[in-house]
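Participant: Following this message is one structure expressed as structure tokens.
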Amino acid sequence: MKLNEKIIEVIENNGFCCGAVVEQDNGFYIELYQDTPAGEDWHVTIWFNGSDNDFINSFIRYSEIFDVDEEAEIWIKSRGKHGVPSSISVLVKDAEWKKETLGKTVKDLEDIDENEYDIMTFFVLDSVNDKTAPVVFFIPLNKQLEVENLAKTLVASEDFYEVECNFEKVLKENNIEYEWIGKICDVVNRQKDWIDDKISRVIVG
């Protein structure tokens with residue numbers, strides 16, 4: 001599972017490096033990290049439900065509750081040791097820089113949410129059965145991860161049309177706009193990896 005490329009671009013443009021999305025305890029988290037002006041290896045952990053929207057909302061909540069005084073206080077007892085600056089004012093300025101960086105990142109993430117709501121992208125619902133033709137949908141770009149997670153809940157069936165109908169049902173139940181595009185092919189023994197890696201795809205079964 002990966003975050004939307006536009007989200008990753010915003011994060012990286014604001015100086016963060018991204019770890020992999022990790023699934024744990026019925027949720028997901030990702031580690032973001034970068035060096036601060038005072039030399040701290042700053043790590044930010046964002047927990048979310050696997051969707052792009054919830055990642056953005058969780059990042060916003062993290063930024064809102066980030067407290068400069070509390071952040072600086074963490075390091076005061078260690079100042080002058082293990083590379084921690086000895087100056088309290090430097091520690092405060094570093095914490096203020098973190099708050100500012102979070103705020104700038106939030107603004108850019110909110111711009112994505114506003115500007116890309118109507119942008120659509122391809123999604124492929126596939127089967128482990130080589131005789132079954134993959135089905136292509138058009139879905140909102142900012143719902144991509146959410147759609148992937150919903151597709152992963154589907155139960156395999158010998159009748160792939162039933163799987164396809166159940167998929168459309170869960171999209172409707174979750175108020176996700178979509179458009180059925182069609183089937184890609186029905187070639188027996190087709191290769192499993194011929195679909196472009198850049199296209200979101202879930203294999204059922």
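All residue names refer to the structure tokens as shown: chains lettered A, B, ... in order, residues numbered from 1 in each chain, ligands numbered from 1 in order.
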Compile the contact shell of A:Arg61 as a ChimeraX atom specification: residues with an atom at most 10 Å away, counting only C-alpha atoms, same-chain residues fewer than 6 positions apart removed.

Facilitator: /A:46,55,106

Participant: From stretch 7-204 of chain A, collect each residue whose DSSP state is strand (DSSP E) and return the set as a PyMOL selection string.

Facilitator: chain A and resi 17-18+22-24+27-35+41-48+120-127+135-140+179-183+200-204

Participant: Counting only C-alpha atoms, figure out which residue out of A:Glu9, A:Asp52, A:Asp94, A:Glu110 gets nearest to A:Asp69.

Facilitator: A:Asp94

Participant: In terms of the shortest atom-to-atom distance over only C-alpha atoms, which of A:Val202, A:Ala156, A:Ile56, A:Leu91 is closest to A:Lys6?

Facilitator: A:Ile56

Participant: I'd like the neighbourhood of A:Asn49 as a PyMOL selection string, where a residue qualifies if any of its atoms comes within 8 Å (using only C-alpha atoms), though same-chain residues fewer than 3 positions away should be ignored.

Facilitator: chain A and resi 27-28+54-55

Participant: Find the spatial neighbours of A:Asp108, counting only C-alpha atoms, within a cut-off of 9 Å - ignore same-chain residues fewer than 2 positions away - and output them as a ChimeraX atom specification.

Facilitator: /A:7,10-11,14,103-106,110-113

Participant: If I take atom CA of A:Lys183 and atom CA of A:Pro134, how far is one from the other in Å, to one decimal?

Facilitator: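 Between these atoms lies a distance of 5.7 Å.
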
Participant: Could you name the residues that touch A:Tyr62 at 10 Å or less, counting only C-alpha atoms, but leaving out those on the same chain fewer than 3 positions away, as a ChimeraX atom specification?

Facilitator: /A:44-47,56-59,65-67,102,106

Participant: Please save C-alpha atoms of the selected residues as a PDB file, in the first residue's frame.

Facilitator:
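Full text of part_39.pdb as output:
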ATOM      1  CA  VAL A  44       6.705  12.083  12.856  1.00  0.00           C
ATOM      2  CA  THR A  45       4.362   9.077  13.046  1.00  0.00           C
ATOM      3  CA  ILE A  46       0.944   9.467  11.423  1.00  0.00           C
ATOM      4  CA  TRP A  47      -1.772   6.870  12.114  1.00  0.00           C
ATOM      5  CA  ILE A  56      -4.553  14.302   5.444  1.00  0.00           C
ATOM      6  CA  ASN A  57      -6.994  14.681   8.340  1.00  0.00           C
ATOM      7  CA  SER A  58      -4.658  12.844  10.721  1.00  0.00           C
ATOM      8  CA  PHE A  59      -1.726  15.028   9.681  1.00  0.00           C
ATOM      9  CA  ILE A  65      -1.999  19.439  18.798  1.00  0.00           C
ATOM     10  CA  PHE A  66       1.751  19.981  18.334  1.00  0.00           C
ATOM     11  CA  ASP A  67       2.843  22.215  21.235  1.00  0.00           C
ATOM     12  CA  LEU A 102       3.857  21.228   9.928  1.00  0.00           C
ATOM     13  CA  VAL A 106      -0.936  21.135   6.111  1.00  0.00           C
TER      14      VAL A 106
END

Participant: Can you tell me, as a VMD selection string, what residues are no more than 7 Å from A:Glu179 when counting only C-alpha atoms, ignoring any on the same chain fewer than 2 positions away?

Facilitator: chain A and resid 137 to 139 181

Participant: Rank nothing, just name the residue among A:Ser51, A:Ser87, A:Ser63, A:Ser200 nearest to A:Leu125, using only C-alpha atoms.

Facilitator: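 Checking each candidate against A:Leu125, we get A:Ser200 as the closest.
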
Participant: Neighbours of A:Tyr33 within 8 Å (only C-alpha atoms; same-chain residues fewer than 5 positions away dropped), as a ChimeraX atom specification?

Facilitator: /A:16-18,41-44

Participant: I'd like to know which of A:Glu12, A:Glu162, A:Glu96, A:Glu168 is closest to A:Ala38, using only C-alpha atoms.

Facilitator: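 Looking only at the distances to A:Ala38, the closest residue turns out to be A:Glu96.
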
Participant: Taking only C-alpha atoms into account, which of A:Glu5, A:Leu141, A:Asn149, A:Thr121 comes nearest A:Asn26?

Facilitator: A:Asn149

Participant: Write down as a ChimeraX atom specification the residues of stretch 37-127 of chain A whose backbone DSSP state falls under alpha helix (DSSP H).

Facilitator: /A:52-65,68-76,88-115

Participant: Please, what distance in Å, to one decimal, runs between atom CA of A:Lys99 and atom CA of A:Val21?

Facilitator: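 Result for atom CA of A:Lys99 versus atom CA of A:Val21: 23.4 Å, one decimal.
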
Participant: Of the residues A:Ile76, A:Val84, A:Asp159, A:Gln34, which is the one nearest to A:Gly19, using only C-alpha atoms?

Facilitator: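 Closest residue, counting only C-alpha atoms: A:Gln34.
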